[in-house]
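With PDB, C-alpha atoms inside, this is my_file.pdb:
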ATOM      1  CA  MET A   1     -52.202  66.182  -5.616  1.00  0.00           C
ATOM      2  CA  GLY A   2     -49.132  64.941  -7.492  1.00  0.00           C
ATOM      3  CA  TYR A   3     -45.769  64.360  -5.885  1.00  0.00           C
ATOM      4  CA  ARG A   4     -42.871  66.230  -4.325  1.00  0.00           C
ATOM      5  CA  LYS A   5     -39.878  66.989  -6.533  1.00  0.00           C
ATOM      6  CA  LEU A   6     -37.512  67.183  -3.556  1.00  0.00           C
ATOM      7  CA  GLY A   7     -35.146  69.561  -5.367  1.00  0.00           C
ATOM      8  CA  ARG A   8     -33.738  66.805  -7.560  1.00  0.00           C
ATOM      9  CA  ARG A   9     -33.690  65.976 -11.258  1.00  0.00           C
ATOM     10  CA  THR A  10     -36.046  63.195 -12.255  1.00  0.00           C
ATOM     11  CA  ASP A  11     -33.438  60.439 -12.540  1.00  0.00           C
ATOM     12  CA  HIS A  12     -31.773  61.396  -9.260  1.00  0.00           C
ATOM     13  CA  ARG A  13     -35.123  61.599  -7.448  1.00  0.00           C
ATOM     14  CA  ARG A  14     -36.251  58.181  -8.710  1.00  0.00           C
ATOM     15  CA  ALA A  15     -32.954  56.567  -7.717  1.00  0.00           C
ATOM     16  CA  MET A  16     -33.035  58.199  -4.275  1.00  0.00           C
ATOM     17  CA  LEU A  17     -36.619  57.058  -3.600  1.00  0.00           C
ATOM     18  CA  ARG A  18     -35.854  53.559  -4.886  1.00  0.00           C
ATOM     19  CA  ASN A  19     -32.847  53.343  -2.552  1.00  0.00           C
ATOM     20  CA  LEU A  20     -34.847  54.624   0.427  1.00  0.00           C
ATOM     21  CA  VAL A  21     -37.659  52.120  -0.170  1.00  0.00           C
ATOM     22  CA  THR A  22     -35.116  49.311  -0.472  1.00  0.00           C
ATOM     23  CA  SER A  23     -33.417  50.392   2.759  1.00  0.00           C
ATOM     24  CA  LEU A  24     -36.750  50.677   4.574  1.00  0.00           C
ATOM     25  CA  LEU A  25     -37.777  47.158   3.589  1.00  0.00           C
ATOM     26  CA  ARG A  26     -34.321  45.769   4.412  1.00  0.00           C
ATOM     27  CA  GLU A  27     -33.758  47.535   7.752  1.00  0.00           C
ATOM     28  CA  GLU A  28     -37.446  48.151   8.665  1.00  0.00           C
ATOM     29  CA  ARG A  29     -36.488  51.665   9.848  1.00  0.00           C
ATOM     30  CA  VAL A  30     -34.729  54.625   8.214  1.00  0.00           C
ATOM     31  CA  LYS A  31     -33.935  58.166   9.299  1.00  0.00           C
ATOM     32  CA  THR A  32     -34.583  60.817   6.661  1.00  0.00           C
ATOM     33  CA  THR A  33     -36.205  64.197   6.133  1.00  0.00           C
ATOM     34  CA  GLU A  34     -39.955  64.591   6.552  1.00  0.00           C
ATOM     35  CA  SER A  35     -40.716  65.364   2.909  1.00  0.00           C
ATOM     36  CA  ARG A  36     -38.670  62.394   1.666  1.00  0.00           C
ATOM     37  CA  ALA A  37     -40.354  60.138   4.212  1.00  0.00           C
ATOM     38  CA  LYS A  38     -43.809  61.143   2.990  1.00  0.00           C
ATOM     39  CA  GLU A  39     -42.896  60.217  -0.575  1.00  0.00           C
ATOM     40  CA  VAL A  40     -41.222  56.945   0.443  1.00  0.00           C
ATOM     41  CA  LYS A  41     -44.255  56.025   2.536  1.00  0.00           C
ATOM     42  CA  ARG A  42     -46.517  56.159  -0.534  1.00  0.00           C
ATOM     43  CA  ILE A  43     -44.255  53.856  -2.513  1.00  0.00           C
ATOM     44  CA  ALA A  44     -43.499  51.437   0.341  1.00  0.00           C
ATOM     45  CA  GLU A  45     -47.194  50.942   1.077  1.00  0.00           C
ATOM     46  CA  LYS A  46     -47.765  50.017  -2.576  1.00  0.00           C
ATOM     47  CA  MET A  47     -44.890  47.514  -2.445  1.00  0.00           C
ATOM     48  CA  ILE A  48     -46.288  45.875   0.695  1.00  0.00           C
ATOM     49  CA  THR A  49     -49.747  45.688  -0.867  1.00  0.00           C
ATOM     50  CA  LEU A  50     -48.236  43.929  -3.882  1.00  0.00           C
ATOM     51  CA  GLY A  51     -46.403  41.633  -1.478  1.00  0.00           C
ATOM     52  CA  LYS A  52     -49.701  40.700   0.141  1.00  0.00           C
ATOM     53  CA  GLN A  53     -51.001  39.500  -3.239  1.00  0.00           C
ATOM     54  CA  GLY A  54     -48.121  37.041  -3.339  1.00  0.00           C
ATOM     55  CA  ASP A  55     -48.468  35.929  -6.961  1.00  0.00           C
ATOM     56  CA  LEU A  56     -45.820  35.931  -9.669  1.00  0.00           C
ATOM     57  CA  ALA A  57     -47.155  39.031 -11.423  1.00  0.00           C
ATOM     58  CA  ALA A  58     -46.967  41.030  -8.192  1.00  0.00           C
ATOM     59  CA  ARG A  59     -43.434  39.768  -7.546  1.00  0.00           C
ATOM     60  CA  ARG A  60     -42.374  40.904 -11.024  1.00  0.00           C
ATOM     61  CA  GLN A  61     -43.922  44.340 -10.476  1.00  0.00           C
ATOM     62  CA  VAL A  62     -41.968  44.702  -7.238  1.00  0.00           C
ATOM     63  CA  LEU A  63     -38.767  43.526  -8.946  1.00  0.00           C
ATOM     64  CA  LYS A  64     -39.205  46.309 -11.513  1.00  0.00           C
ATOM     65  CA  TYR A  65     -38.863  48.833  -8.682  1.00  0.00           C
ATOM     66  CA  ILE A  66     -36.629  47.064  -6.138  1.00  0.00           C
ATOM     67  CA  TYR A  67     -33.557  45.550  -7.748  1.00  0.00           C
ATOM     68  CA  ASP A  68     -32.271  43.644  -4.696  1.00  0.00           C
ATOM     69  CA  GLU A  69     -33.735  40.135  -4.893  1.00  0.00           C
ATOM     70  CA  ASN A  70     -32.997  39.450  -1.221  1.00  0.00           C
ATOM     71  CA  VAL A  71     -35.135  42.416  -0.203  1.00  0.00           C
ATOM     72  CA  VAL A  72     -37.954  41.279  -2.497  1.00  0.00           C
ATOM     73  CA  ARG A  73     -37.747  37.798  -1.005  1.00  0.00           C
ATOM     74  CA  LYS A  74     -37.897  39.272   2.495  1.00  0.00           C
ATOM     75  CA  LEU A  75     -40.883  41.419   1.477  1.00  0.00           C
ATOM     76  CA  PHE A  76     -42.871  38.463   0.180  1.00  0.00           C
ATOM     77  CA  ASP A  77     -41.802  35.909   2.824  1.00  0.00           C
ATOM     78  CA  ASN A  78     -41.558  37.933   6.058  1.00  0.00           C
ATOM     79  CA  VAL A  79     -42.895  41.485   5.815  1.00  0.00           C
ATOM     80  CA  SER A  80     -46.154  41.187   3.869  1.00  0.00           C
ATOM     81  CA  PRO A  81     -47.571  38.159   5.742  1.00  0.00           C
ATOM     82  CA  LYS A  82     -47.529  40.265   8.949  1.00  0.00           C
ATOM     83  CA  TYR A  83     -50.051  42.653   7.372  1.00  0.00           C
ATOM     84  CA  VAL A  84     -52.557  40.169   5.911  1.00  0.00           C
ATOM     85  CA  ASP A  85     -55.396  41.360   8.177  1.00  0.00           C
ATOM     86  CA  ARG A  86     -54.426  45.035   7.947  1.00  0.00           C
ATOM     87  CA  PRO A  87     -56.109  47.068   5.164  1.00  0.00           C
ATOM     88  CA  GLY A  88     -53.351  49.704   4.971  1.00  0.00           C
ATOM     89  CA  GLY A  89     -51.160  51.941   7.084  1.00  0.00           C
ATOM     90  CA  TYR A  90     -48.095  49.712   7.179  1.00  0.00           C
ATOM     91  CA  THR A  91     -45.633  52.499   8.000  1.00  0.00           C
ATOM     92  CA  ARG A  92     -45.372  55.239  10.590  1.00  0.00           C
ATOM     93  CA  ILE A  93     -43.495  58.524  10.708  1.00  0.00           C
ATOM     94  CA  ILE A  94     -41.958  59.516  14.038  1.00  0.00           C
ATOM     95  CA  LYS A  95     -40.662  63.084  14.196  1.00  0.00           C
ATOM     96  CA  THR A  96     -37.259  63.698  15.781  1.00  0.00           C
ATOM     97  CA  GLU A  97     -34.957  66.685  16.192  1.00  0.00           C
ATOM     98  CA  GLU A  98     -34.067  69.069  13.389  1.00  0.00           C
ATOM     99  CA  ARG A  99     -30.892  68.457  11.441  1.00  0.00           C
ATOM    100  CA  ARG A 100     -28.063  70.598  12.755  1.00  0.00           C
ATOM    101  CA  GLY A 101     -26.669  71.928   9.489  1.00  0.00           C
ATOM    102  CA  ASP A 102     -29.802  73.217   7.749  1.00  0.00           C
ATOM    103  CA  SER A 103     -32.582  72.739  10.349  1.00  0.00           C
ATOM    104  CA  ALA A 104     -34.398  70.241   8.130  1.00  0.00           C
ATOM    105  CA  LYS A 105     -37.169  68.345   9.919  1.00  0.00           C
ATOM    106  CA  MET A 106     -35.877  64.812  10.496  1.00  0.00           C
ATOM    107  CA  VAL A 107     -38.058  61.750  11.054  1.00  0.00           C
ATOM    108  CA  PHE A 108     -37.844  58.005  11.501  1.00  0.00           C
ATOM    109  CA  LEU A 109     -39.858  56.076   8.930  1.00  0.00           C
ATOM    110  CA  GLU A 110     -40.557  52.562  10.143  1.00  0.00           C
ATOM    111  CA  LEU A 111     -42.765  49.597   9.501  1.00  0.00           C
ATOM    112  CA  VAL A 112     -45.572  49.180  12.017  1.00  0.00           C
TER     113      VAL A 112
END
Go through the file and emit its structure as structure tokens.
Amino acid sequence: MGYRKLGRRTDHRRAMLRNLVTSLLREERVKTTESRAKEVKRIAEKMITLGKQGDLAARRQVLKYIYDENVVRKLFDNVSPKYVDRPGGYTRIIKTEERRGDSAKMVFLELV
């Protein structure tokens, strides 16, 4: 299927998704547009799966994507252990009202 380009250049899109994933793992809930949330969900689920592995190689892979060491520590110590028995589906998308300025579909993306 590929991925959504989200109307951004490659470097801007990667930075935006990296920041959203970091914020999601730090705050455990973010408000964003539906299309961004669907892309962030894919990446966040991969990060949590790596966190469940818990070894050094997985930690280094996560650190390549998430630069904030405190967030990575939280992922490996607090977030991932909650999902040990869960085979996937660590996030949920809750639809909210449309954004006032451009009627974009807004959602909450949160950890289950």
Nearby residues, (-42.7, 49.4, 8.7) file frame, 8 Å, only C-alpha atoms, as a tab-separated table (two decimals) with C-alpha atoms, in the coordinates of the input:
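The new file part.tsv reads:
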chain	number	residue	atom	x	y	z
A	24	LEU	CA	-36.75	50.68	4.57
A	25	LEU	CA	-37.78	47.16	3.59
A	28	GLU	CA	-37.45	48.15	8.66
A	29	ARG	CA	-36.49	51.66	9.85
A	90	TYR	CA	-48.10	49.71	7.18
A	91	THR	CA	-45.63	52.50	8.00
A	92	ARG	CA	-45.37	55.24	10.59
A	109	LEU	CA	-39.86	56.08	8.93
A	110	GLU	CA	-40.56	52.56	10.14
A	111	LEU	CA	-42.76	49.60	9.50
A	112	VAL	CA	-45.57	49.18	12.02
For segment 43-48 of chain A, please output as number ranges by chain all residues within 9 Å (counting only C-alpha atoms; exclusion window: fewer than 4 positions along the same chain). A: 17-18, 21-22, 24-25, 39, 52-53, 58, 61-62, 65, 75-76, 79-80, 83, 88-91
My list of candidates is A:Thr49, A:Ile66, A:Ala57, A:Arg100. Which is closest to Leu20 of chain A when distances are computed with only C-alpha atoms?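 That would be A:Ile66, the residue with the smallest distance to Leu20 of chain A.
Residues with any atom within 12 Å of segment 7-10 of chain A, counting all atoms listed in the file and excluding same-chain neighbours fewer than 6 positions away, are Met16, Leu17, Ser35 and Arg36 of chain A.
Evaluating the PyMOL selection byres ((chain A and resi 34) around 12) against the shown model yields A:Arg4, A:Leu6, A:Val30, A:Lys31, A:Thr32, A:Thr33, A:Ser35, A:Arg36, A:Ala37, A:Lys38, A:Glu39, A:Val40, A:Lys41, A:Arg92, A:Ile93, A:Ile94, A:Lys95, A:Thr96, A:Glu97, A:Glu98, A:Arg99, A:Ser103, A:Ala104, A:Lys105, A:Met106, A:Val107, A:Phe108, A:Leu109.
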Okay, now the selection with C-alpha atoms, as a PDB file, keeping the file's coordinate frame?
ATOM      1  CA  ARG A   4     -42.871  66.230  -4.325  1.00  0.00           C
ATOM      2  CA  LEU A   6     -37.512  67.183  -3.556  1.00  0.00           C
ATOM      3  CA  VAL A  30     -34.729  54.625   8.214  1.00  0.00           C
ATOM      4  CA  LYS A  31     -33.935  58.166   9.299  1.00  0.00           C
ATOM      5  CA  THR A  32     -34.583  60.817   6.661  1.00  0.00           C
ATOM      6  CA  THR A  33     -36.205  64.197   6.133  1.00  0.00           C
ATOM      7  CA  SER A  35     -40.716  65.364   2.909  1.00  0.00           C
ATOM      8  CA  ARG A  36     -38.670  62.394   1.666  1.00  0.00           C
ATOM      9  CA  ALA A  37     -40.354  60.138   4.212  1.00  0.00           C
ATOM     10  CA  LYS A  38     -43.809  61.143   2.990  1.00  0.00           C
ATOM     11  CA  GLU A  39     -42.896  60.217  -0.575  1.00  0.00           C
ATOM     12  CA  VAL A  40     -41.222  56.945   0.443  1.00  0.00           C
ATOM     13  CA  LYS A  41     -44.255  56.025   2.536  1.00  0.00           C
ATOM     14  CA  ARG A  92     -45.372  55.239  10.590  1.00  0.00           C
ATOM     15  CA  ILE A  93     -43.495  58.524  10.708  1.00  0.00           C
ATOM     16  CA  ILE A  94     -41.958  59.516  14.038  1.00  0.00           C
ATOM     17  CA  LYS A  95     -40.662  63.084  14.196  1.00  0.00           C
ATOM     18  CA  THR A  96     -37.259  63.698  15.781  1.00  0.00           C
ATOM     19  CA  GLU A  97     -34.957  66.685  16.192  1.00  0.00           C
ATOM     20  CA  GLU A  98     -34.067  69.069  13.389  1.00  0.00           C
ATOM     21  CA  ARG A  99     -30.892  68.457  11.441  1.00  0.00           C
ATOM     22  CA  SER A 103     -32.582  72.739  10.349  1.00  0.00           C
ATOM     23  CA  ALA A 104     -34.398  70.241   8.130  1.00  0.00           C
ATOM     24  CA  LYS A 105     -37.169  68.345   9.919  1.00  0.00           C
ATOM     25  CA  MET A 106     -35.877  64.812  10.496  1.00  0.00           C
ATOM     26  CA  VAL A 107     -38.058  61.750  11.054  1.00  0.00           C
ATOM     27  CA  PHE A 108     -37.844  58.005  11.501  1.00  0.00           C
ATOM     28  CA  LEU A 109     -39.858  56.076   8.930  1.00  0.00           C
TER      29      LEU A 109
END
Could you check how far atom CA of Gly54 of chain A sits from atom CA of Ala15 of chain A, in Å to one decimal?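 Distance reported for this atom pair: 25.1 Å.
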If you measure from atom CA of Arg26 of chain A to atom CA of Arg42 of chain A, what distance in Å do you get, rounded to one decimal? 16.8 Å
Figure out the distance between atom CA of Arg60 of chain A and atom CA of Asn78 of chain A, please, to one decimal in Å. 17.4 Å
Shortest contact to Lys74 of chain A, candidates A:Lys5, A:Glu27, A:Asp11, A:Asp102, atoms counted all atoms listed in the file, goes to A:Glu27
Using only the atoms of segment 77-86 of chain A listed in the file, plus 6 Å on each side, state the axis-aligned box centre and edge lengths in Å rounded to one decimal, as JSON.
{"center_x": -48.5, "center_y": 40.5, "center_z": 5.9, "size_x": 25.8, "size_y": 21.1, "size_z": 18.1}
Since fewer atoms than expected are present, regenerate N, CA and C atoms for segment 18-46 of chain A and write them as a PDB file, keeping the file's coordinate frame.
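out.pdb was written with the following content:
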ATOM      1  N   ARG A  18     -36.009  55.013  -4.760  1.00  0.00           N
ATOM      2  CA  ARG A  18     -35.854  53.559  -4.886  1.00  0.00           C
ATOM      3  C   ARG A  18     -34.901  53.036  -3.807  1.00  0.00           C
ATOM      4  N   ASN A  19     -33.803  53.756  -3.574  1.00  0.00           N
ATOM      5  CA  ASN A  19     -32.847  53.343  -2.552  1.00  0.00           C
ATOM      6  C   ASN A  19     -33.452  53.433  -1.153  1.00  0.00           C
ATOM      7  N   LEU A  20     -34.228  54.487  -0.890  1.00  0.00           N
ATOM      8  CA  LEU A  20     -34.847  54.624   0.427  1.00  0.00           C
ATOM      9  C   LEU A  20     -35.883  53.531   0.682  1.00  0.00           C
ATOM     10  N   VAL A  21     -36.669  53.194  -0.332  1.00  0.00           N
ATOM     11  CA  VAL A  21     -37.659  52.120  -0.170  1.00  0.00           C
ATOM     12  C   VAL A  21     -36.948  50.796   0.081  1.00  0.00           C
ATOM     13  N   THR A  22     -35.880  50.542  -0.668  1.00  0.00           N
ATOM     14  CA  THR A  22     -35.116  49.311  -0.472  1.00  0.00           C
ATOM     15  C   THR A  22     -34.539  49.246   0.938  1.00  0.00           C
ATOM     16  N   SER A  23     -33.976  50.360   1.409  1.00  0.00           N
ATOM     17  CA  SER A  23     -33.417  50.392   2.759  1.00  0.00           C
ATOM     18  C   SER A  23     -34.490  50.210   3.820  1.00  0.00           C
ATOM     19  N   LEU A  24     -35.655  50.826   3.610  1.00  0.00           N
ATOM     20  CA  LEU A  24     -36.750  50.677   4.574  1.00  0.00           C
ATOM     21  C   LEU A  24     -37.180  49.227   4.681  1.00  0.00           C
ATOM     22  N   LEU A  25     -37.330  48.553   3.552  1.00  0.00           N
ATOM     23  CA  LEU A  25     -37.777  47.158   3.589  1.00  0.00           C
ATOM     24  C   LEU A  25     -36.684  46.230   4.121  1.00  0.00           C
ATOM     25  N   ARG A  26     -35.412  46.592   3.909  1.00  0.00           N
ATOM     26  CA  ARG A  26     -34.321  45.769   4.412  1.00  0.00           C
ATOM     27  C   ARG A  26     -34.139  45.965   5.917  1.00  0.00           C
ATOM     28  N   GLU A  27     -34.069  47.223   6.355  1.00  0.00           N
ATOM     29  CA  GLU A  27     -33.758  47.535   7.752  1.00  0.00           C
ATOM     30  C   GLU A  27     -34.998  47.708   8.624  1.00  0.00           C
ATOM     31  N   GLU A  28     -36.158  47.921   8.003  1.00  0.00           N
ATOM     32  CA  GLU A  28     -37.446  48.151   8.665  1.00  0.00           C
ATOM     33  C   GLU A  28     -37.511  49.483   9.402  1.00  0.00           C
ATOM     34  N   ARG A  29     -36.474  50.333   9.252  1.00  0.00           N
ATOM     35  CA  ARG A  29     -36.488  51.665   9.848  1.00  0.00           C
ATOM     36  C   ARG A  29     -35.384  52.499   9.214  1.00  0.00           C
ATOM     37  N   VAL A  30     -35.725  53.712   8.776  1.00  0.00           N
ATOM     38  CA  VAL A  30     -34.729  54.625   8.214  1.00  0.00           C
ATOM     39  C   VAL A  30     -34.946  56.012   8.795  1.00  0.00           C
ATOM     40  N   LYS A  31     -33.855  56.776   8.859  1.00  0.00           N
ATOM     41  CA  LYS A  31     -33.935  58.166   9.299  1.00  0.00           C
ATOM     42  C   LYS A  31     -33.713  59.047   8.083  1.00  0.00           C
ATOM     43  N   THR A  32     -34.652  59.959   7.831  1.00  0.00           N
ATOM     44  CA  THR A  32     -34.583  60.817   6.661  1.00  0.00           C
ATOM     45  C   THR A  32     -35.360  62.094   6.939  1.00  0.00           C
ATOM     46  N   THR A  33     -35.445  62.966   5.941  1.00  0.00           N
ATOM     47  CA  THR A  33     -36.205  64.197   6.133  1.00  0.00           C
ATOM     48  C   THR A  33     -37.699  63.901   6.006  1.00  0.00           C
ATOM     49  N   GLU A  34     -38.507  64.812   6.519  1.00  0.00           N
ATOM     50  CA  GLU A  34     -39.955  64.591   6.552  1.00  0.00           C
ATOM     51  C   GLU A  34     -40.548  64.498   5.143  1.00  0.00           C
ATOM     52  N   SER A  35     -40.139  65.380   4.249  1.00  0.00           N
ATOM     53  CA  SER A  35     -40.716  65.364   2.909  1.00  0.00           C
ATOM     54  C   SER A  35     -40.321  64.100   2.143  1.00  0.00           C
ATOM     55  N   ARG A  36     -39.082  63.649   2.301  1.00  0.00           N
ATOM     56  CA  ARG A  36     -38.670  62.394   1.666  1.00  0.00           C
ATOM     57  C   ARG A  36     -39.452  61.226   2.245  1.00  0.00           C
ATOM     58  N   ALA A  37     -39.643  61.225   3.559  1.00  0.00           N
ATOM     59  CA  ALA A  37     -40.354  60.138   4.212  1.00  0.00           C
ATOM     60  C   ALA A  37     -41.786  60.031   3.709  1.00  0.00           C
ATOM     61  N   LYS A  38     -42.433  61.167   3.469  1.00  0.00           N
ATOM     62  CA  LYS A  38     -43.809  61.143   2.990  1.00  0.00           C
ATOM     63  C   LYS A  38     -43.899  60.545   1.591  1.00  0.00           C
ATOM     64  N   GLU A  39     -42.911  60.804   0.762  1.00  0.00           N
ATOM     65  CA  GLU A  39     -42.896  60.217  -0.575  1.00  0.00           C
ATOM     66  C   GLU A  39     -42.575  58.721  -0.512  1.00  0.00           C
ATOM     67  N   VAL A  40     -41.610  58.353   0.318  1.00  0.00           N
ATOM     68  CA  VAL A  40     -41.222  56.945   0.443  1.00  0.00           C
ATOM     69  C   VAL A  40     -42.377  56.129   1.011  1.00  0.00           C
ATOM     70  N   LYS A  41     -43.123  56.719   1.920  1.00  0.00           N
ATOM     71  CA  LYS A  41     -44.255  56.025   2.536  1.00  0.00           C
ATOM     72  C   LYS A  41     -45.265  55.596   1.473  1.00  0.00           C
ATOM     73  N   ARG A  42     -45.560  56.491   0.521  1.00  0.00           N
ATOM     74  CA  ARG A  42     -46.517  56.159  -0.534  1.00  0.00           C
ATOM     75  C   ARG A  42     -46.064  54.940  -1.329  1.00  0.00           C
ATOM     76  N   ILE A  43     -44.783  54.931  -1.677  1.00  0.00           N
ATOM     77  CA  ILE A  43     -44.255  53.856  -2.513  1.00  0.00           C
ATOM     78  C   ILE A  43     -44.158  52.551  -1.721  1.00  0.00           C
ATOM     79  N   ALA A  44     -43.680  52.637  -0.476  1.00  0.00           N
ATOM     80  CA  ALA A  44     -43.499  51.437   0.341  1.00  0.00           C
ATOM     81  C   ALA A  44     -44.839  50.755   0.605  1.00  0.00           C
ATOM     82  N   GLU A  45     -45.872  51.534   0.830  1.00  0.00           N
ATOM     83  CA  GLU A  45     -47.194  50.942   1.077  1.00  0.00           C
ATOM     84  C   GLU A  45     -47.675  50.186  -0.159  1.00  0.00           C
ATOM     85  N   LYS A  46     -47.389  50.719  -1.354  1.00  0.00           N
ATOM     86  CA  LYS A  46     -47.765  50.017  -2.576  1.00  0.00           C
ATOM     87  C   LYS A  46     -46.993  48.712  -2.715  1.00  0.00           C
TER      88      LYS A  46
END
